[in-house]
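I have placed the structure first, in the form of structure tokens, so that the comments after it can refer back to it.
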Amino acid sequence: MRIAAAFVALTAATAALAQDRPTEEELFGKPPAESPQAGQEEPQEPAPRREEPAPAARPEEAELFGGTGSPNAAPPPAGRLVERAESETLRLGGQLYLRAQALWQEDVPPADWALSSPNLLDLWLDARPNDRVRAFVLGRMRYDPTAPVTVAAPSLSAAEQGILGYGTSTGGLAAGVRGPRAVLDQLWVNFDVGRRVFVTAGRQHVKWGVGKFWNPTDYLHPVRRDPLAVFDERTGTTMVKVHVPWERRGWNAYGVALLDDAAGVDSPTNRLGRVGVGGRGEVVLGTVELGADALTQDGHHPRFGIDASAGVWDLDVYAEAALRTGRDAPRWREVSPGAPLVTRFGRVDPQGFTPAAVLGGSWSAKYSDEDTVTVGAEYSFDDAGYDSKGVYPFLLAGAPELTGDPAAPLRQRDPTAFRPFYLGRHYAGAFVLLPSPGSWNDTTFTLSVLGNLSDRSFVARLDHALLALTYLRVESFVAASFGARGGEFRLGLDVPLSEVAPGLPPDVTISVPPPVLQLGVALRVAL
């Protein structure tokens, strides 16, 4: 028996159409005297002004939705259709993002290829009554017409539901929900104290670290980013951030009080002892930029990080390291070889020092008077990652255990145990960026290749973006999976139910064909 639809969400992670979201530096502006932080996306507030200030320019839609950071971030959509007076104290805008993508799996006829259309509508309000106070809110609506109207119980046996991750806690993620569903992405107020200390309070985006594909010190986002995404759909984190710049040196100091759970656990922070506390410092020494950060919260291991970026000849090189003990998410290890799936693996969390590190670089060259090409590569190591693909079926099932109830014999202990792009110990990625080649001034091509070196599976993705009719951004991509079958990026399984748990029928097999190709197209307009 073949059941593949439930795994579409897992393979779709290799091709989510998106773009990197804006830094607060883009939203607030960078102090003029501050040295640029190449590769850094940490926000900077506006510099103090000694004379009567002119009205500050508001963020363009290109700044709000434009891509920085991820190598394959698509160009931002065209600016607003109607210019507005810069003296306005309140502005509104947004983005309409229509997407469609199909998944081709081995031995699956085209009529049965999985189809999804995760569309987005972003709307924002930006108020700035004067040059020292700003308020911003961004709401997002998701709508997928190809998904079920509601999350109805699937017509599978309880055992099959367990192995396929169809539990009630993850049914909406596995099967998808049509919507519309509304979420709050940003809700913050920014002001200064004496024009020297800058405060941002509310739900916001703050990025630490310098990694492009992987970013282990991005502690202020509980959800890890999809390295291939050209639109970062993660929502902001609620915190109070204080920024003290040293403009003459180009140095920065940050302090944060985190009001959300640092690991994204559904645990309330309704007492002072649960408020997370952290900070970051950035210094510039010649052509070298250094950063160090720390975050601690009750219920989680302390997190520390360091990063550096520098220009070496024509190369831009960078590195970051997460210095931590243990990890927040459970880790599973084979404890009973040959036993059924539910008892073969047990929870064995890492103890002691478990670092994660990223090392990368990029190089740009001109091949004509007006055209450049950029190539880059990155390596990622996670000491708490898995060495082989043998544990993947167990992770896909949500780390099941026996309940003793014949009606629902399996229960998921970790519904999100399978975390694409963050499973293995060793990863590598490379990209080639070709913006506006030749006379194609409105076109951008990006080729990205990522590999899980631990299970020897790979995915290659070609992104294309074209500005048409002045304001319409047309995007497309194709992603191919190759390498070891059953690996993270070429996930294919044939699991008899008798190997899942004792007493299940031996003549029923859960079969998931590996992905071959994924195709997608999108239309994007700034509102």
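Following the order of the structure tokens, chains are lettered A, B, ..., residues in each are numbered from 1, and ligands are numbered from 1.
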
Can you build me a table of region 300-416 of chain A residues sitting at most 12 Å from region 204-208 of chain A, with the closest atom pair per residue and its distance in Å to one decimal, using only C-alpha atoms, sorted by chain and residue number, as JSON lines?
```
{"residue": "A:Phe304", "atom": "CA", "partner": "A:Trp208", "partner_atom": "CA", "distance": 11.0}
{"residue": "A:Gly305", "atom": "CA", "partner": "A:Trp208", "partner_atom": "CA", "distance": 8.8}
{"residue": "A:Ile306", "atom": "CA", "partner": "A:Trp208", "partner_atom": "CA", "distance": 9.5}
{"residue": "A:Asp307", "atom": "CA", "partner": "A:Trp208", "partner_atom": "CA", "distance": 9.0}
{"residue": "A:Ala308", "atom": "CA", "partner": "A:Trp208", "partner_atom": "CA", "distance": 11.5}
{"residue": "A:Glu320", "atom": "CA", "partner": "A:Trp208", "partner_atom": "CA", "distance": 9.8}
{"residue": "A:Ala321", "atom": "CA", "partner": "A:Trp208", "partner_atom": "CA", "distance": 11.2}
{"residue": "A:Ala322", "atom": "CA", "partner": "A:Trp208", "partner_atom": "CA", "distance": 10.8}
```

**OP:** Mind checking which residues fall within 12 Å of Ala182 (chain A), counting only C-alpha atoms, ignoring those fewer than 6 positions away in the same chain, and posting them as a PyMOL selection string?
**Re:** chain A and resi 119-123+138-143+235

Would you mind exporting C-alpha atoms of the selected residues as a PDB file, in the first residue's frame?
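Writing done, so here's again.pdb:
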```pdb
ATOM      1  CA  ASN A 119      -0.326  32.073  -1.030  1.00  0.00           C
ATOM      2  CA  LEU A 120       0.512  35.005   1.218  1.00  0.00           C
ATOM      3  CA  LEU A 121      -0.853  38.491   1.820  1.00  0.00           C
ATOM      4  CA  ASP A 122       1.212  40.844   3.970  1.00  0.00           C
ATOM      5  CA  LEU A 123      -0.183  44.204   5.126  1.00  0.00           C
ATOM      6  CA  LEU A 138       2.749  43.686   9.935  1.00  0.00           C
ATOM      7  CA  GLY A 139       0.048  41.046   9.653  1.00  0.00           C
ATOM      8  CA  ARG A 140       0.123  38.021   7.363  1.00  0.00           C
ATOM      9  CA  MET A 141      -2.656  35.897   5.913  1.00  0.00           C
ATOM     10  CA  ARG A 142      -1.970  32.437   4.470  1.00  0.00           C
ATOM     11  CA  TYR A 143      -4.309  30.684   2.066  1.00  0.00           C
ATOM     12  CA  THR A 235       7.226  35.330  12.428  1.00  0.00           C
TER      13      THR A 235
END
```

**OP:** Have a look at CA of Pro110 (chain A) and CA of Gly492 (chain A) and let me know their distance in Å, one decimal.
**Re:**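 Those two atoms sit 18.1 Å apart.
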
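Nearest-residue note for His426 (chain A): choosing from A:Pro145, A:Gly438, A:Gly385, A:Gly352, the minimum distance belongs to A:Gly385, counting only C-alpha atoms.
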
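Listed by chain and then by rising number, the residues of region 393-492 of chain A that DSSP assigns to helix (DSSP H, G or I) from the backbone are Pro393, Phe394, Leu395 and Leu396 of chain A.
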
Original post:
Got a sec: who's within 6 Å of Trp188 (chain A), counting only C-alpha atoms, leaving out chain neighbours fewer than 6 positions off, as a ChimeraX atom specification?
Top reply: /A:135-136,201-203

Restricting the output to C-alpha atoms, write the selected residues as a compact mmCIF listing (two decimals), in the first residue's frame.
```
# COMPACT_ATOMS: atom_id res chain seq x y z
CA ALA A 135 5.47 52.26 15.40
CA PHE A 136 5.15 49.37 12.98
CA ALA A 201 9.85 46.94 22.12
CA GLY A 202 7.43 44.35 20.77
CA ARG A 203 7.31 41.54 18.24
```

Original post:
Using only C-alpha atoms, which residues sit within 9 Å of Ser336 (chain A) once same-chain residues fewer than 3 positions away are excluded, as a list of chain:residue names?
Top reply: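 Residues near the query, excluding close chain neighbours: A:Ala339, A:Pro340, A:Thr343, A:Arg344, A:Phe345, A:Gly346.
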
Using C-alpha atoms, can you export the residues from the last selection as a PDB file, in the first residue's frame?
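For reference, result.pdb as written:
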```pdb
ATOM      1  CA  ALA A 339      13.747  -4.446  17.631  1.00  0.00           C
ATOM      2  CA  PRO A 340      10.532  -2.944  16.218  1.00  0.00           C
ATOM      3  CA  THR A 343      11.384   0.279  20.830  1.00  0.00           C
ATOM      4  CA  ARG A 344      14.524   0.326  18.662  1.00  0.00           C
ATOM      5  CA  PHE A 345      15.348   3.937  19.503  1.00  0.00           C
ATOM      6  CA  GLY A 346      15.489   5.688  22.847  1.00  0.00           C
TER       7      GLY A 346
END
```

Original post:
CA of Tyr318 (chain A) and CA of Asp218 (chain A) are how many Å apart?
Top reply: 15.0 Å

Who sits within 10 Å of Phe213 (chain A), only C-alpha atoms, same chain under 5 positions skipped, as a PDB file with all heavy atoms, in the first residue's frame:
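And here is the file that came out, out.pdb:
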```
ATOM      1  N   GLY A  69      21.057  38.295   2.960  1.00  0.00           N
ATOM      2  CA  GLY A  69      21.451  37.135   3.753  1.00  0.00           C
ATOM      3  C   GLY A  69      21.508  35.866   2.948  1.00  0.00           C
ATOM      4  O   GLY A  69      22.570  35.440   2.528  1.00  0.00           O
ATOM      5  N   SER A  70      20.395  35.201   2.734  1.00  0.00           N
ATOM      6  CA  SER A  70      20.384  33.942   2.012  1.00  0.00           C
ATOM      7  C   SER A  70      20.848  34.152   0.575  1.00  0.00           C
ATOM      8  O   SER A  70      20.379  35.061  -0.101  1.00  0.00           O
ATOM      9  CB  SER A  70      18.974  33.342   2.010  1.00  0.00           C
ATOM     10  OG  SER A  70      18.968  32.100   1.353  1.00  0.00           O
ATOM     11  N   PRO A  71      21.785  33.348   0.072  1.00  0.00           N
ATOM     12  CA  PRO A  71      22.331  33.578  -1.267  1.00  0.00           C
ATOM     13  C   PRO A  71      21.289  33.549  -2.373  1.00  0.00           C
ATOM     14  O   PRO A  71      21.452  34.209  -3.388  1.00  0.00           O
ATOM     15  CB  PRO A  71      23.338  32.429  -1.426  1.00  0.00           C
ATOM     16  CG  PRO A  71      23.663  32.005  -0.054  1.00  0.00           C
ATOM     17  CD  PRO A  71      22.419  32.225   0.749  1.00  0.00           C
ATOM     18  N   ASN A  72      20.233  32.781  -2.208  1.00  0.00           N
ATOM     19  CA  ASN A  72      19.245  32.663  -3.280  1.00  0.00           C
ATOM     20  C   ASN A  72      18.022  33.531  -3.047  1.00  0.00           C
ATOM     21  O   ASN A  72      16.966  33.288  -3.601  1.00  0.00           O
ATOM     22  CB  ASN A  72      18.807  31.210  -3.458  1.00  0.00           C
ATOM     23  CG  ASN A  72      18.158  30.657  -2.211  1.00  0.00           C
ATOM     24  OD1 ASN A  72      18.543  31.018  -1.119  1.00  0.00           O
ATOM     25  ND2 ASN A  72      17.179  29.791  -2.368  1.00  0.00           N
ATOM     26  N   ARG A 225      15.635  28.625  10.054  1.00  0.00           N
ATOM     27  CA  ARG A 225      15.309  29.038   8.705  1.00  0.00           C
ATOM     28  C   ARG A 225      15.584  27.937   7.698  1.00  0.00           C
ATOM     29  O   ARG A 225      16.519  27.151   7.836  1.00  0.00           O
ATOM     30  CB  ARG A 225      16.141  30.278   8.340  1.00  0.00           C
ATOM     31  CG  ARG A 225      15.781  30.902   7.013  1.00  0.00           C
ATOM     32  CD  ARG A 225      16.692  32.070   6.696  1.00  0.00           C
ATOM     33  NE  ARG A 225      18.064  31.645   6.486  1.00  0.00           N
ATOM     34  CZ  ARG A 225      19.069  32.469   6.238  1.00  0.00           C
ATOM     35  NH1 ARG A 225      18.853  33.761   6.235  1.00  0.00           N
ATOM     36  NH2 ARG A 225      20.284  32.010   6.039  1.00  0.00           N
ATOM     37  N   ASP A 226      14.738  27.887   6.666  1.00  0.00           N
ATOM     38  CA  ASP A 226      14.992  27.018   5.520  1.00  0.00           C
ATOM     39  C   ASP A 226      16.115  27.646   4.700  1.00  0.00           C
ATOM     40  O   ASP A 226      15.954  28.742   4.165  1.00  0.00           O
ATOM     41  CB  ASP A 226      13.712  26.899   4.686  1.00  0.00           C
ATOM     42  CG  ASP A 226      13.901  26.102   3.407  1.00  0.00           C
ATOM     43  OD1 ASP A 226      15.038  25.679   3.129  1.00  0.00           O
ATOM     44  OD2 ASP A 226      12.913  25.917   2.683  1.00  0.00           O
ATOM     45  N   PRO A 227      17.270  26.995   4.574  1.00  0.00           N
ATOM     46  CA  PRO A 227      18.400  27.612   3.872  1.00  0.00           C
ATOM     47  C   PRO A 227      18.128  27.938   2.411  1.00  0.00           C
ATOM     48  O   PRO A 227      18.789  28.818   1.854  1.00  0.00           O
ATOM     49  CB  PRO A 227      19.516  26.563   4.002  1.00  0.00           C
ATOM     50  CG  PRO A 227      19.134  25.724   5.163  1.00  0.00           C
ATOM     51  CD  PRO A 227      17.637  25.690   5.149  1.00  0.00           C
ATOM     52  N   LEU A 228      17.198  27.247   1.772  1.00  0.00           N
ATOM     53  CA  LEU A 228      16.914  27.504   0.368  1.00  0.00           C
ATOM     54  C   LEU A 228      15.757  28.487   0.173  1.00  0.00           C
ATOM     55  O   LEU A 228      15.429  28.819  -0.968  1.00  0.00           O
ATOM     56  CB  LEU A 228      16.586  26.190  -0.357  1.00  0.00           C
ATOM     57  CG  LEU A 228      17.765  25.261  -0.616  1.00  0.00           C
ATOM     58  CD1 LEU A 228      17.298  23.996  -1.312  1.00  0.00           C
ATOM     59  CD2 LEU A 228      18.842  25.952  -1.440  1.00  0.00           C
ATOM     60  N   ALA A 229      15.149  28.940   1.237  1.00  0.00           N
ATOM     61  CA  ALA A 229      13.988  29.806   1.106  1.00  0.00           C
ATOM     62  C   ALA A 229      14.396  31.174   0.591  1.00  0.00           C
ATOM     63  O   ALA A 229      15.400  31.744   1.024  1.00  0.00           O
ATOM     64  CB  ALA A 229      13.274  29.940   2.447  1.00  0.00           C
ATOM     65  N   VAL A 358      29.879  27.179  11.557  1.00  0.00           N
ATOM     66  CA  VAL A 358      29.718  27.443  10.129  1.00  0.00           C
ATOM     67  C   VAL A 358      30.959  28.170   9.645  1.00  0.00           C
ATOM     68  O   VAL A 358      31.477  29.070  10.326  1.00  0.00           O
ATOM     69  CB  VAL A 358      28.458  28.293   9.857  1.00  0.00           C
ATOM     70  CG1 VAL A 358      28.524  28.951   8.487  1.00  0.00           C
ATOM     71  CG2 VAL A 358      27.204  27.450   9.962  1.00  0.00           C
ATOM     72  N   GLY A 360      32.409  29.837   5.858  1.00  0.00           N
ATOM     73  CA  GLY A 360      32.049  30.066   4.458  1.00  0.00           C
ATOM     74  C   GLY A 360      32.766  31.257   3.869  1.00  0.00           C
ATOM     75  O   GLY A 360      33.512  31.977   4.544  1.00  0.00           O
ATOM     76  N   ALA A 377      30.543  29.363  -0.994  1.00  0.00           N
ATOM     77  CA  ALA A 377      30.428  28.018  -0.434  1.00  0.00           C
ATOM     78  C   ALA A 377      30.393  28.120   1.079  1.00  0.00           C
ATOM     79  O   ALA A 377      30.893  29.086   1.667  1.00  0.00           O
ATOM     80  CB  ALA A 377      31.583  27.133  -0.887  1.00  0.00           C
ATOM     81  N   GLU A 378      29.793  27.104   1.701  1.00  0.00           N
ATOM     82  CA  GLU A 378      29.653  27.114   3.151  1.00  0.00           C
ATOM     83  C   GLU A 378      29.647  25.686   3.682  1.00  0.00           C
ATOM     84  O   GLU A 378      29.086  24.783   3.051  1.00  0.00           O
ATOM     85  CB  GLU A 378      28.359  27.836   3.532  1.00  0.00           C
ATOM     86  CG  GLU A 378      28.168  28.045   5.031  1.00  0.00           C
ATOM     87  CD  GLU A 378      26.994  28.969   5.316  1.00  0.00           C
ATOM     88  OE1 GLU A 378      27.071  30.159   4.933  1.00  0.00           O
ATOM     89  OE2 GLU A 378      25.992  28.506   5.893  1.00  0.00           O
ATOM     90  N   TYR A 379      30.271  25.502   4.829  1.00  0.00           N
ATOM     91  CA  TYR A 379      30.280  24.208   5.519  1.00  0.00           C
ATOM     92  C   TYR A 379      29.661  24.393   6.893  1.00  0.00           C
ATOM     93  O   TYR A 379      29.902  25.400   7.582  1.00  0.00           O
ATOM     94  CB  TYR A 379      31.713  23.685   5.658  1.00  0.00           C
ATOM     95  CG  TYR A 379      31.837  22.527   6.624  1.00  0.00           C
ATOM     96  CD1 TYR A 379      31.420  21.246   6.265  1.00  0.00           C
ATOM     97  CD2 TYR A 379      32.351  22.719   7.906  1.00  0.00           C
ATOM     98  CE1 TYR A 379      31.517  20.184   7.156  1.00  0.00           C
ATOM     99  CE2 TYR A 379      32.467  21.668   8.800  1.00  0.00           C
ATOM    100  CZ  TYR A 379      32.045  20.398   8.423  1.00  0.00           C
ATOM    101  OH  TYR A 379      32.139  19.361   9.304  1.00  0.00           O
ATOM    102  N   SER A 380      28.848  23.416   7.307  1.00  0.00           N
ATOM    103  CA  SER A 380      28.194  23.482   8.607  1.00  0.00           C
ATOM    104  C   SER A 380      28.428  22.181   9.377  1.00  0.00           C
ATOM    105  O   SER A 380      28.336  21.090   8.811  1.00  0.00           O
ATOM    106  CB  SER A 380      26.681  23.712   8.430  1.00  0.00           C
ATOM    107  OG  SER A 380      25.998  23.621   9.669  1.00  0.00           O
ATOM    108  N   PHE A 421      17.180  19.967   6.913  1.00  0.00           N
ATOM    109  CA  PHE A 421      18.345  20.844   6.858  1.00  0.00           C
ATOM    110  C   PHE A 421      19.088  20.929   8.187  1.00  0.00           C
ATOM    111  O   PHE A 421      20.116  21.591   8.269  1.00  0.00           O
ATOM    112  CB  PHE A 421      17.962  22.259   6.406  1.00  0.00           C
ATOM    113  CG  PHE A 421      17.349  22.328   5.036  1.00  0.00           C
ATOM    114  CD1 PHE A 421      15.999  22.533   4.898  1.00  0.00           C
ATOM    115  CD2 PHE A 421      18.127  22.175   3.908  1.00  0.00           C
ATOM    116  CE1 PHE A 421      15.418  22.598   3.648  1.00  0.00           C
ATOM    117  CE2 PHE A 421      17.557  22.238   2.654  1.00  0.00           C
ATOM    118  CZ  PHE A 421      16.207  22.448   2.519  1.00  0.00           C
ATOM    119  N   TYR A 427      27.109  19.286   6.832  1.00  0.00           N
ATOM    120  CA  TYR A 427      26.442  19.801   5.640  1.00  0.00           C
ATOM    121  C   TYR A 427      27.419  20.651   4.848  1.00  0.00           C
ATOM    122  O   TYR A 427      28.384  21.193   5.400  1.00  0.00           O
ATOM    123  CB  TYR A 427      25.235  20.667   6.000  1.00  0.00           C
ATOM    124  CG  TYR A 427      24.018  19.927   6.478  1.00  0.00           C
ATOM    125  CD1 TYR A 427      23.808  19.706   7.847  1.00  0.00           C
ATOM    126  CD2 TYR A 427      23.057  19.474   5.589  1.00  0.00           C
ATOM    127  CE1 TYR A 427      22.683  19.046   8.298  1.00  0.00           C
ATOM    128  CE2 TYR A 427      21.923  18.812   6.032  1.00  0.00           C
ATOM    129  CZ  TYR A 427      21.732  18.601   7.391  1.00  0.00           C
ATOM    130  OH  TYR A 427      20.619  17.945   7.824  1.00  0.00           O
ATOM    131  N   ALA A 428      27.128  20.799   3.574  1.00  0.00           N
ATOM    132  CA  ALA A 428      27.896  21.716   2.727  1.00  0.00           C
ATOM    133  C   ALA A 428      26.950  22.324   1.703  1.00  0.00           C
ATOM    134  O   ALA A 428      25.971  21.685   1.273  1.00  0.00           O
ATOM    135  CB  ALA A 428      29.045  21.000   2.027  1.00  0.00           C
ATOM    136  N   GLY A 429      27.223  23.552   1.331  1.00  0.00           N
ATOM    137  CA  GLY A 429      26.406  24.230   0.340  1.00  0.00           C
ATOM    138  C   GLY A 429      27.257  25.120  -0.539  1.00  0.00           C
ATOM    139  O   GLY A 429      28.341  25.564  -0.143  1.00  0.00           O
ATOM    140  N   ALA A 430      26.777  25.373  -1.743  1.00  0.00           N
ATOM    141  CA  ALA A 430      27.463  26.262  -2.675  1.00  0.00           C
ATOM    142  C   ALA A 430      26.414  26.984  -3.509  1.00  0.00           C
ATOM    143  O   ALA A 430      25.298  26.483  -3.702  1.00  0.00           O
ATOM    144  CB  ALA A 430      28.427  25.491  -3.582  1.00  0.00           C
ATOM    145  N   PHE A 431      26.762  28.167  -4.006  1.00  0.00           N
ATOM    146  CA  PHE A 431      25.817  28.920  -4.821  1.00  0.00           C
ATOM    147  C   PHE A 431      26.560  29.740  -5.871  1.00  0.00           C
ATOM    148  O   PHE A 431      27.741  30.068  -5.722  1.00  0.00           O
ATOM    149  CB  PHE A 431      24.965  29.854  -3.955  1.00  0.00           C
ATOM    150  CG  PHE A 431      25.718  31.020  -3.364  1.00  0.00           C
ATOM    151  CD1 PHE A 431      25.794  32.234  -4.028  1.00  0.00           C
ATOM    152  CD2 PHE A 431      26.339  30.909  -2.137  1.00  0.00           C
ATOM    153  CE1 PHE A 431      26.483  33.309  -3.492  1.00  0.00           C
ATOM    154  CE2 PHE A 431      27.036  31.978  -1.582  1.00  0.00           C
ATOM    155  CZ  PHE A 431      27.107  33.181  -2.256  1.00  0.00           C
ATOM    156  N   SER A 448      21.799  26.979  -6.432  1.00  0.00           N
ATOM    157  CA  SER A 448      22.218  26.563  -5.096  1.00  0.00           C
ATOM    158  C   SER A 448      22.252  25.039  -5.027  1.00  0.00           C
ATOM    159  O   SER A 448      21.362  24.373  -5.553  1.00  0.00           O
ATOM    160  CB  SER A 448      21.249  27.092  -4.028  1.00  0.00           C
ATOM    161  OG  SER A 448      21.090  28.481  -4.121  1.00  0.00           O
ATOM    162  N   LEU A 450      22.881  22.030  -2.017  1.00  0.00           N
ATOM    163  CA  LEU A 450      23.105  21.685  -0.621  1.00  0.00           C
ATOM    164  C   LEU A 450      23.234  20.180  -0.484  1.00  0.00           C
ATOM    165  O   LEU A 450      22.571  19.420  -1.204  1.00  0.00           O
ATOM    166  CB  LEU A 450      21.944  22.159   0.252  1.00  0.00           C
ATOM    167  CG  LEU A 450      21.649  23.663   0.312  1.00  0.00           C
ATOM    168  CD1 LEU A 450      20.548  23.932   1.325  1.00  0.00           C
ATOM    169  CD2 LEU A 450      22.894  24.451   0.653  1.00  0.00           C
TER     170      LEU A 450
END
```

**OP:** Could you tell me how far CA of Val256 (chain A) lies from CA of Gln186 (chain A), in Å and to one decimal?
**Re:** 16.4 Å

**OP:** For Leu462 (chain A), work out the shell of residues within 7 Å, counting only C-alpha atoms and skipping chain neighbours fewer than 5 positions away, then give it as a list in words.
**Re:**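 Here the answer would be Thr446, Leu447, Ser448, Phe477, Val478 and Ala479 of chain A.
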